[in-house]
Structure formats: structure tokens, C-alpha cells
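With compact mmCIF, C-alpha atoms inside, this is entry05.txt:
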# COMPACT_ATOMS: atom_id res chain seq x y z
CA MET A 16 -46.01 149.74 -20.79
CA THR A 17 -46.75 146.41 -22.45
CA ILE A 18 -50.21 144.90 -22.78
CA THR A 19 -49.20 142.20 -20.27
CA GLU A 20 -48.10 144.84 -17.74
CA GLU A 21 -51.36 146.74 -18.17
CA ARG A 22 -53.34 143.55 -17.57
CA THR A 23 -51.29 142.74 -14.47
CA ARG A 24 -51.85 146.21 -13.08
CA GLY A 25 -55.59 145.90 -13.67
CA TYR A 26 -55.76 142.52 -11.98
CA ALA A 27 -53.74 143.81 -9.04
CA ASP A 28 -56.38 146.48 -8.43
CA LEU A 29 -59.16 143.93 -7.84
CA PRO A 30 -58.52 143.17 -4.13
CA ALA A 31 -58.65 146.90 -3.35
CA LEU A 32 -61.90 147.23 -5.28
CA MET A 33 -63.38 144.24 -3.45
CA SER A 34 -62.31 145.71 -0.11
CA LEU A 35 -64.62 148.68 -0.73
CA MET A 36 -67.61 146.34 -0.44
CA THR A 37 -68.49 145.70 3.20
CA GLY A 38 -71.51 144.62 5.22
CA ASP A 39 -73.30 141.36 5.90
CA GLU A 40 -73.93 138.51 3.47
CA LYS A 41 -70.79 139.14 1.44
CA HIS A 42 -70.32 135.44 0.63
CA GLY A 43 -66.58 136.11 0.47
CA PRO A 44 -65.39 132.59 -0.47
CA ALA A 45 -68.02 132.35 -3.22
CA ALA A 46 -66.78 135.64 -4.63
CA THR A 47 -63.03 135.11 -4.40
CA SER A 48 -63.27 131.64 -5.94
CA THR A 49 -64.45 133.26 -9.19
CA LEU A 50 -62.03 136.19 -9.32
CA ASP A 51 -59.44 134.80 -11.73
CA VAL A 52 -62.00 133.24 -14.07
CA LEU A 53 -63.91 136.52 -14.26
CA TRP A 54 -60.79 138.56 -14.88
CA VAL A 55 -59.50 136.38 -17.72
CA LEU A 56 -62.91 136.32 -19.36
CA TYR A 57 -63.45 140.08 -19.23
CA ASP A 58 -59.84 141.01 -19.91
CA ARG A 59 -59.05 138.65 -22.76
CA VAL A 60 -62.02 136.64 -24.02
CA LEU A 61 -65.46 138.25 -23.88
CA ARG A 62 -66.43 140.47 -26.80
CA VAL A 63 -68.42 142.98 -24.79
CA SER A 64 -67.65 146.46 -23.51
CA PRO A 65 -69.48 149.37 -21.85
CA ASP A 66 -70.12 150.98 -25.23
CA ARG A 67 -71.77 147.92 -26.80
CA LEU A 68 -74.16 146.69 -24.12
CA ASP A 69 -77.05 146.53 -26.59
CA ASP A 70 -75.05 145.28 -29.58
CA PRO A 71 -76.79 142.13 -30.92
CA ALA A 72 -73.35 140.76 -31.84
CA ARG A 73 -71.96 141.01 -28.29
CA ASP A 74 -71.05 137.97 -26.24
CA ARG A 75 -73.44 137.18 -23.40
CA PHE A 76 -72.04 136.45 -19.95
CA LEU A 77 -74.40 134.92 -17.39
CA LEU A 78 -73.31 134.74 -13.76
CA SER A 79 -75.32 131.83 -12.45
CA LYS A 80 -73.21 131.83 -9.26
CA GLY A 81 -74.92 135.08 -8.36
CA HIS A 82 -75.02 134.73 -4.58
CA GLY A 83 -71.41 135.92 -4.31
CA PRO A 84 -71.14 138.84 -6.75
CA MET A 85 -68.39 140.95 -5.14
CA ALA A 86 -65.70 139.77 -7.54
CA TYR A 87 -68.10 140.30 -10.46
CA TYR A 88 -68.82 143.87 -9.38
CA ALA A 89 -65.09 144.54 -8.90
CA VAL A 90 -64.31 143.33 -12.43
CA LEU A 91 -67.21 145.32 -13.89
CA ALA A 92 -65.87 148.41 -12.14
CA ALA A 93 -62.31 147.75 -13.30
CA LYS A 94 -63.54 147.47 -16.89
CA GLY A 95 -65.69 150.61 -16.77
CA PHE A 96 -69.16 149.06 -16.76
CA VAL A 97 -70.07 150.57 -13.39
CA PRO A 98 -68.56 153.48 -11.43
CA VAL A 99 -66.09 152.58 -8.70
CA GLU A 100 -68.06 154.99 -6.50
CA TRP A 101 -70.91 152.45 -6.42
CA LEU A 102 -68.85 149.78 -4.67
CA PRO A 103 -68.93 151.09 -1.05
CA GLY A 104 -72.73 151.01 -1.15
CA PHE A 105 -72.81 147.28 -1.95
CA GLY A 106 -75.89 145.63 -0.46
CA SER A 107 -77.35 148.81 0.99
CA TYR A 108 -81.02 149.73 0.58
CA ASP A 109 -80.55 152.31 -2.18
CA SER A 110 -77.59 150.72 -3.99
CA PRO A 111 -77.94 149.15 -7.46
CA LEU A 112 -75.32 146.59 -6.37
CA GLY A 113 -77.43 144.06 -4.52
CA HIS A 114 -76.43 140.77 -2.93
CA HIS A 115 -77.70 139.21 -6.17
CA PRO A 116 -77.00 141.01 -9.47
CA ASP A 117 -80.00 142.71 -11.09
CA ARG A 118 -79.97 143.14 -14.87
CA THR A 119 -82.29 146.14 -14.66
CA LEU A 120 -79.97 148.03 -12.32
CA VAL A 121 -76.38 147.08 -13.20
CA PRO A 122 -74.94 147.87 -16.66
CA GLY A 123 -73.47 144.78 -18.29
CA VAL A 124 -75.44 142.25 -16.22
CA GLU A 125 -77.42 139.96 -18.52
CA ILE A 126 -79.59 138.10 -15.97
CA GLY A 127 -80.83 138.45 -12.43
CA SER A 128 -79.27 135.52 -10.58
CA GLY A 129 -78.60 133.96 -7.22
CA SER A 130 -80.92 130.97 -7.02
CA LEU A 131 -78.73 127.99 -7.84
CA GLY A 132 -79.36 126.03 -11.00
CA HIS A 133 -80.93 128.73 -13.17
CA GLY A 134 -78.03 130.12 -15.18
CA LEU A 135 -77.16 127.18 -17.41
CA PRO A 136 -80.77 126.52 -18.51
CA ILE A 137 -81.06 130.23 -19.34
CA GLY A 138 -77.79 129.98 -21.26
CA VAL A 139 -79.18 127.09 -23.30
CA GLY A 140 -82.18 129.24 -24.15
CA GLU A 141 -79.93 132.16 -25.11
CA ALA A 142 -77.84 129.98 -27.40
CA LEU A 143 -80.94 128.52 -29.03
CA GLY A 144 -82.45 131.98 -29.47
CA LEU A 145 -79.31 133.32 -31.13
CA ARG A 146 -79.24 130.31 -33.47
CA ILE A 147 -82.88 130.84 -34.45
CA GLN A 148 -82.16 134.50 -35.19
CA GLY A 149 -79.23 133.55 -37.39
CA LEU A 150 -76.74 135.33 -35.11
CA ASP A 151 -73.65 133.18 -35.44
CA GLU A 152 -71.09 135.60 -33.98
CA PRO A 153 -72.17 135.97 -30.32
CA ARG A 154 -71.03 133.42 -27.78
CA VAL A 155 -72.86 132.61 -24.55
CA TRP A 156 -70.78 132.12 -21.41
CA VAL A 157 -72.24 130.82 -18.14
CA LEU A 158 -70.34 130.70 -14.84
CA ILE A 159 -71.63 128.17 -12.33
CA GLY A 160 -70.34 126.72 -9.08
CA ASP A 161 -69.74 123.03 -8.54
CA ALA A 162 -72.49 122.94 -5.89
CA GLU A 163 -74.99 123.98 -8.55
CA LEU A 164 -74.52 120.56 -10.10
CA ASP A 165 -76.56 119.24 -7.17
CA GLU A 166 -79.54 120.86 -8.94
CA GLY A 167 -81.40 118.74 -11.50
CA SER A 168 -82.12 121.70 -13.77
CA ASN A 169 -78.46 121.89 -14.67
CA HIS A 170 -78.34 118.23 -15.68
CA GLU A 171 -81.34 118.69 -17.96
CA ALA A 172 -79.52 121.61 -19.61
CA ILE A 173 -76.32 119.59 -19.96
CA ALA A 174 -78.20 116.63 -21.46
CA PHE A 175 -79.95 118.87 -23.99
CA ALA A 176 -77.09 121.10 -25.09
CA GLY A 177 -74.74 118.34 -26.23
CA PRO A 178 -77.04 116.56 -28.70
CA ALA A 179 -78.36 119.96 -29.84
CA GLY A 180 -74.82 120.90 -30.89
CA LEU A 181 -74.92 124.31 -29.20
CA GLU A 182 -71.42 125.25 -30.27
CA ARG A 183 -71.78 128.88 -29.11
CA LEU A 184 -72.52 127.79 -25.54
CA HIS A 185 -69.66 127.84 -23.04
CA THR A 186 -69.79 126.97 -19.35
CA VAL A 187 -67.21 127.54 -16.64
CA VAL A 188 -67.61 125.45 -13.50
CA VAL A 189 -65.68 126.93 -10.58
CA ASP A 190 -64.89 123.89 -8.47
CA ASN A 191 -64.15 124.76 -4.84
CA SER A 192 -65.29 121.36 -3.54
CA SER A 193 -68.69 122.61 -2.38
CA ALA A 194 -70.83 119.96 -4.08
CA ARG A 195 -72.40 117.32 -1.86
CA HIS A 196 -72.60 114.61 -4.50
CA ALA A 197 -69.39 113.27 -6.06
CA ARG A 198 -69.36 112.20 -9.70
CA PRO A 199 -67.39 109.21 -11.03
CA GLY A 200 -64.56 110.55 -13.17
CA GLY A 201 -65.07 114.12 -11.99
CA ILE A 202 -67.16 117.02 -13.22
CA ALA A 203 -65.74 117.04 -16.75
CA ALA A 204 -66.81 113.42 -17.27
CA ARG A 205 -70.45 114.37 -16.65
CA PHE A 206 -70.36 116.89 -19.47
CA GLU A 207 -68.37 114.64 -21.80
CA ALA A 208 -70.98 111.90 -21.39
CA ALA A 209 -73.54 114.32 -22.83
CA GLY A 210 -71.41 115.22 -25.85
CA TRP A 211 -69.65 118.34 -24.57
CA SER A 212 -66.03 119.33 -25.11
CA ALA A 213 -64.43 119.52 -21.65
CA VAL A 214 -61.17 120.79 -20.14
CA THR A 215 -60.09 120.84 -16.48
CA VAL A 216 -57.53 123.45 -15.38
CA ASP A 217 -56.08 125.29 -12.40
CA GLY A 218 -58.59 128.06 -11.75
CA ARG A 219 -55.85 130.47 -10.60
CA ASP A 220 -53.59 130.02 -13.65
CA HIS A 221 -54.47 132.79 -16.10
CA GLY A 222 -52.57 131.26 -19.00
CA ALA A 223 -54.20 127.87 -18.55
CA LEU A 224 -57.62 129.49 -18.23
CA TYR A 225 -57.15 131.48 -21.42
CA ASP A 226 -56.01 128.42 -23.37
CA ALA A 227 -58.99 126.43 -22.09
CA PHE A 228 -61.46 129.23 -22.85
CA THR A 229 -60.21 129.56 -26.42
CA ALA A 230 -59.79 125.85 -27.24
CA PRO A 231 -61.62 124.88 -30.45
CA HIS A 232 -64.71 122.68 -30.06
CA PRO A 233 -66.47 122.49 -33.43
CA GLY A 234 -70.06 121.32 -33.27
CA ARG A 235 -70.14 120.92 -29.49
CA PRO A 236 -70.75 123.08 -26.42
CA HIS A 237 -67.66 123.60 -24.28
CA VAL A 238 -67.09 123.43 -20.52
CA VAL A 239 -64.05 124.50 -18.53
CA VAL A 240 -63.76 123.12 -15.01
CA ALA A 241 -61.67 125.61 -13.03
CA ARG A 242 -60.37 124.04 -9.85
CA VAL A 243 -59.59 126.35 -6.93
CA GLU A 244 -58.83 125.84 -3.25
CA PRO A 245 -61.63 124.19 -1.23
CA LYS A 246 -64.18 126.56 0.22
CA SER A 247 -63.27 125.56 3.76
CA VAL A 248 -59.62 126.62 3.34
Please render this file's structure as C-alpha cells.
Amino acid sequence: MTITEERTRGYADLPALMSLMTGDEKHGPAATSTLDVLWVLYDRVLRVSPDRLDDPARDRFLLSKGHGPMAYYAVLAAKGFVPVEWLPGFGSYDSPLGHHPDRTLVPGVEIGSGSLGHGLPIGVGEALGLRIQGLDEPRVWVLIGDAELDEGSNHEAIAFAGPAGLERLHTVVVDNSSARHARPGGIAARFEAAGWSAVTVDGRDHGALYDAFTAPHPGRPHVVVARVEPKSV
């Protein structure tokens, strides 16, 4: 079996893994909108694995869009970070898999998240901290939703990161048309105005996502805007 076939088989397992998670407050559209981005990152881009969770040289992935974590948990299970047996207990009283991810309970989770607007500022702090420590290998990846750009904290982070030249900082904006406030020129233009490298792609196209994630951006932070079907569809 080729590497491509193995990846396809792994991706094909994700809907079945997500179907194991039932109950209220699933935030299904929020979860499924991120599925392809998460898979490409964990399958082909992120330098992190279950056996190097404490490795200082690992990449850091921060799920800011933490109010819909089912796809995240499914990918973590598919990649061996958490047992598949945990999934049916999602959201229950004694389950480590809460409606918002908890870094103290779930292996591989870097931050507790769910409140919109927190992830990117934390990512800026992570990137700065790694720079101060002289750790040039790790990359910081933050996944946010387009509606999070209604929060001012994100715009402060965007405005700071560009001039600071945080080259190891990467952001993925999953755009499912949830934001209330439109931006002239689109989401990418907001980041470009602050000195970021920016690419907009089809958020369901794995090849386009991989190319965008790995595009060079010397001296600048990088954002990928991944467009998916509107939330209402």
C-alpha cells in the first residue's frame, strides 16, 4: 500500500470516529468545518507525535476554535494521541473529552480553549517565548474560525505579529461565513495589511491546503484562509 493510500484510508475513518461522539452541544458544523484542515496538518505538516509530547522541539498546535472539538478528537484518536475508546464518552461527566479541550486531560492538547479570541494571542506569546529561548525549530500553528475575527484581541495579535517578524507563527482561518463583520478585500487582506504572508484556498482540497501550509514566508508570520461551505448549508 502506498503512502497516499494509507493517508486516504486514515482520512476515510474520520466520519466513523466522529459518529461515536453523541450527546448535546456537539457543535457539529463548527467541528466538520475544520476536519480537512486538521487532517492535513496532523497527517502531513505538524512535527508532533504521541511519543514526543514533551519534546521542546515539537511543533505547537493551538485549537482556538475549541467550542467544536469533535473533529479534533477524531484526528487525535486516528493518530494515536488518545484511545478510540474515549470517544463514545464525549461530553459526559467523567470523560476527559469535554465540550472544550482541556490540556490537563487530553494528550496532545496544548491549550484549554473555547472562548473565542484567545488562541491567536496565546500563539503570539508561544512564538515569542520560543524565540527568547533560542528554539528556532518549533513552529506554532493556531486554528481559528472566521467569526473569531469579530473579537478585538485577535486584531491586536495580528497587528503585533507582523512587525515583530514572528516567522514561526502560522494561523489557519477556517472561513464558513460565520463572521458578522465583513472586511474589504477579504480576510487575507486584513493580515496582509499587518505584514503577514497570506494565502486563500479551498478548505476541502488537501493538496491546496498542503501547498499553502508549506509555502515559504521568510521573516513574516503566515496565514492560510481555508474557505468551506457556509455554516447554514
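Within 7 Å of segment 54-70 of chain A, once all atoms listed in the file are used and residues closer than 3 positions along the same chain are dropped, the contacting residues are Leu50, Asp51, Arg73, Asp74, Val90, Gly95, Phe96, Gly123, His221 and Tyr225 of chain A.
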Could you give me, as a ChimeraX atom specification, the residues within 7 Å of segment 186-192 of chain A, counting all atoms listed in the file and dropping anything in the same chain fewer than 2 positions from it?
/A:49,156-161,184,194,237-246
Quick one: distance from atom CA of Ala203 of chain A to atom CA of Leu29 of chain A in Å, one decimal?
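According to the coordinates, atom CA of Ala203 of chain A and atom CA of Leu29 of chain A are separated by 29.1 Å.
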Which residues of segment 108-208 of chain A come within 12 Å of segment 78-88 of chain A, and for each one, what is the closest pair of atoms and their distance in Å to one decimal, counting only C-alpha atoms, sorted by chain and residue number, as JSON lines?
{"residue": "A:Pro111", "atom": "CA", "partner": "A:Tyr88", "partner_atom": "CA", "distance": 10.7}
{"residue": "A:Leu112", "atom": "CA", "partner": "A:Tyr88", "partner_atom": "CA", "distance": 7.7}
{"residue": "A:Gly113", "atom": "CA", "partner": "A:Pro84", "partner_atom": "CA", "distance": 8.5}
{"residue": "A:His114", "atom": "CA", "partner": "A:His82", "partner_atom": "CA", "distance": 6.4}
{"residue": "A:His115", "atom": "CA", "partner": "A:Gly81", "partner_atom": "CA", "distance": 5.4}
{"residue": "A:Pro116", "atom": "CA", "partner": "A:Gly81", "partner_atom": "CA", "distance": 6.4}
{"residue": "A:Asp117", "atom": "CA", "partner": "A:Gly81", "partner_atom": "CA", "distance": 9.6}
{"residue": "A:Arg118", "atom": "CA", "partner": "A:Leu78", "partner_atom": "CA", "distance": 10.8}
{"residue": "A:Val121", "atom": "CA", "partner": "A:Tyr88", "partner_atom": "CA", "distance": 9.1}
{"residue": "A:Pro122", "atom": "CA", "partner": "A:Tyr88", "partner_atom": "CA", "distance": 10.3}
{"residue": "A:Gly123", "atom": "CA", "partner": "A:Tyr88", "partner_atom": "CA", "distance": 10.1}
{"residue": "A:Val124", "atom": "CA", "partner": "A:Leu78", "partner_atom": "CA", "distance": 8.2}
{"residue": "A:Glu125", "atom": "CA", "partner": "A:Leu78", "partner_atom": "CA", "distance": 8.2}
{"residue": "A:Ile126", "atom": "CA", "partner": "A:Leu78", "partner_atom": "CA", "distance": 7.5}
{"residue": "A:Gly127", "atom": "CA", "partner": "A:Gly81", "partner_atom": "CA", "distance": 7.9}
{"residue": "A:Ser128", "atom": "CA", "partner": "A:Gly81", "partner_atom": "CA", "distance": 4.9}
{"residue": "A:Gly129", "atom": "CA", "partner": "A:Gly81", "partner_atom": "CA", "distance": 4.0}
{"residue": "A:Ser130", "atom": "CA", "partner": "A:Gly81", "partner_atom": "CA", "distance": 7.4}
{"residue": "A:Leu131", "atom": "CA", "partner": "A:Lys80", "partner_atom": "CA", "distance": 6.9}
{"residue": "A:Gly132", "atom": "CA", "partner": "A:Ser79", "partner_atom": "CA", "distance": 7.2}
{"residue": "A:His133", "atom": "CA", "partner": "A:Ser79", "partner_atom": "CA", "distance": 6.4}
{"residue": "A:Gly134", "atom": "CA", "partner": "A:Ser79", "partner_atom": "CA", "distance": 4.2}
{"residue": "A:Leu135", "atom": "CA", "partner": "A:Ser79", "partner_atom": "CA", "distance": 7.0}
{"residue": "A:Pro136", "atom": "CA", "partner": "A:Ser79", "partner_atom": "CA", "distance": 9.7}
{"residue": "A:Ile137", "atom": "CA", "partner": "A:Ser79", "partner_atom": "CA", "distance": 9.1}
{"residue": "A:Gly138", "atom": "CA", "partner": "A:Ser79", "partner_atom": "CA", "distance": 9.3}
{"residue": "A:Val155", "atom": "CA", "partner": "A:Leu78", "partner_atom": "CA", "distance": 11.0}
{"residue": "A:Trp156", "atom": "CA", "partner": "A:Leu78", "partner_atom": "CA", "distance": 8.5}
{"residue": "A:Val157", "atom": "CA", "partner": "A:Leu78", "partner_atom": "CA", "distance": 6.0}
{"residue": "A:Leu158", "atom": "CA", "partner": "A:Leu78", "partner_atom": "CA", "distance": 5.1}
{"residue": "A:Ile159", "atom": "CA", "partner": "A:Lys80", "partner_atom": "CA", "distance": 5.0}
{"residue": "A:Gly160", "atom": "CA", "partner": "A:Lys80", "partner_atom": "CA", "distance": 5.9}
{"residue": "A:Asp161", "atom": "CA", "partner": "A:Lys80", "partner_atom": "CA", "distance": 9.5}
{"residue": "A:Ala162", "atom": "CA", "partner": "A:Lys80", "partner_atom": "CA", "distance": 9.5}
{"residue": "A:Glu163", "atom": "CA", "partner": "A:Lys80", "partner_atom": "CA", "distance": 8.1}
{"residue": "A:Leu164", "atom": "CA", "partner": "A:Lys80", "partner_atom": "CA", "distance": 11.4}
{"residue": "A:Asn169", "atom": "CA", "partner": "A:Ser79", "partner_atom": "CA", "distance": 10.7}
{"residue": "A:Thr186", "atom": "CA", "partner": "A:Ser79", "partner_atom": "CA", "distance": 10.1}
{"residue": "A:Val187", "atom": "CA", "partner": "A:Leu78", "partner_atom": "CA", "distance": 9.9}
{"residue": "A:Val188", "atom": "CA", "partner": "A:Lys80", "partner_atom": "CA", "distance": 9.5}
{"residue": "A:Val189", "atom": "CA", "partner": "A:Lys80", "partner_atom": "CA", "distance": 9.1}
{"residue": "A:Asp190", "atom": "CA", "partner": "A:Lys80", "partner_atom": "CA", "distance": 11.5}
Produce a file of the selected residues containing C-alpha atoms, as a tab-separated table (two decimals), in the coordinates of the input.
chain	number	residue	atom	x	y	z
A	111	PRO	CA	-77.94	149.15	-7.46
A	112	LEU	CA	-75.32	146.59	-6.37
A	113	GLY	CA	-77.43	144.06	-4.52
A	114	HIS	CA	-76.43	140.77	-2.93
A	115	HIS	CA	-77.70	139.21	-6.17
A	116	PRO	CA	-77.00	141.01	-9.47
A	117	ASP	CA	-80.00	142.71	-11.09
A	118	ARG	CA	-79.97	143.14	-14.87
A	121	VAL	CA	-76.38	147.08	-13.20
A	122	PRO	CA	-74.94	147.87	-16.66
A	123	GLY	CA	-73.47	144.78	-18.29
A	124	VAL	CA	-75.44	142.25	-16.22
A	125	GLU	CA	-77.42	139.96	-18.52
A	126	ILE	CA	-79.59	138.10	-15.97
A	127	GLY	CA	-80.83	138.45	-12.43
A	128	SER	CA	-79.27	135.52	-10.58
A	129	GLY	CA	-78.60	133.96	-7.22
A	130	SER	CA	-80.92	130.97	-7.02
A	131	LEU	CA	-78.73	127.99	-7.84
A	132	GLY	CA	-79.36	126.03	-11.00
A	133	HIS	CA	-80.93	128.73	-13.17
A	134	GLY	CA	-78.03	130.12	-15.18
A	135	LEU	CA	-77.16	127.18	-17.41
A	136	PRO	CA	-80.77	126.52	-18.51
A	137	ILE	CA	-81.06	130.23	-19.34
A	138	GLY	CA	-77.79	129.98	-21.26
A	155	VAL	CA	-72.86	132.61	-24.55
A	156	TRP	CA	-70.78	132.12	-21.41
A	157	VAL	CA	-72.24	130.82	-18.14
A	158	LEU	CA	-70.34	130.70	-14.84
A	159	ILE	CA	-71.63	128.17	-12.33
A	160	GLY	CA	-70.34	126.72	-9.08
A	161	ASP	CA	-69.74	123.03	-8.54
A	162	ALA	CA	-72.49	122.94	-5.89
A	163	GLU	CA	-74.99	123.98	-8.55
A	164	LEU	CA	-74.52	120.56	-10.10
A	169	ASN	CA	-78.46	121.89	-14.67
A	186	THR	CA	-69.79	126.97	-19.35
A	187	VAL	CA	-67.21	127.54	-16.64
A	188	VAL	CA	-67.61	125.45	-13.50
A	189	VAL	CA	-65.68	126.93	-10.58
A	190	ASP	CA	-64.89	123.89	-8.47
Coordinates-based distance that separates atom CA of Asp217 of chain A from atom CA of Arg183 of chain A (Å, one decimal)
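We find that atom CA of Arg183 of chain A and atom CA of Asp217 of chain A lie 23.2 Å from each other.
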d(atom CA of Asp165 of chain A, atom CA of Arg195 of chain A) in Å:
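The value is 7.0 Å.
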Around all listed atoms of segment 79-97 of chain A, padded 3 Å per side, what centre and edge lengths does the axis-aligned box have in Å to one decimal, as JSON?
{"center_x": -68.8, "center_y": 141.2, "center_z": -10.6, "size_x": 19.0, "size_y": 24.8, "size_z": 18.6}
Restricting the calculation to all atoms listed in the file: of A:Trp101, A:Ala213, A:Leu91, A:Glu182, which residue gets closest to Phe76 of chain A?
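Ranked by minimum distance to Phe76 of chain A, first place goes to A:Leu91.
Here the residues that fall within 10 Å of (-76.9, 113.2, -26.7), using all atoms listed in the file, are given as Ile173, Ala174, Phe175, Ala176, Gly177, Pro178, Ala179, Gly180, Glu207, Ala208, Ala209, Gly210 and Trp211 of chain A.
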With C-alpha atoms retained, could you export that selection as an mmCIF file, in the frame of the given file?
data_model
loop_
_atom_site.group_PDB
_atom_site.id
_atom_site.type_symbol
_atom_site.label_atom_id
_atom_site.label_comp_id
_atom_site.auth_asym_id
_atom_site.auth_seq_id
_atom_site.Cartn_x
_atom_site.Cartn_y
_atom_site.Cartn_z
ATOM 1 C CA ILE A 173 -76.320 119.590 -19.960
ATOM 2 C CA ALA A 174 -78.200 116.630 -21.460
ATOM 3 C CA PHE A 175 -79.950 118.870 -23.990
ATOM 4 C CA ALA A 176 -77.090 121.100 -25.090
ATOM 5 C CA GLY A 177 -74.740 118.340 -26.230
ATOM 6 C CA PRO A 178 -77.040 116.560 -28.700
ATOM 7 C CA ALA A 179 -78.360 119.960 -29.840
ATOM 8 C CA GLY A 180 -74.820 120.900 -30.890
ATOM 9 C CA GLU A 207 -68.370 114.640 -21.800
ATOM 10 C CA ALA A 208 -70.980 111.900 -21.390
ATOM 11 C CA ALA A 209 -73.540 114.320 -22.830
ATOM 12 C CA GLY A 210 -71.410 115.220 -25.850
ATOM 13 C CA TRP A 211 -69.650 118.340 -24.570
#
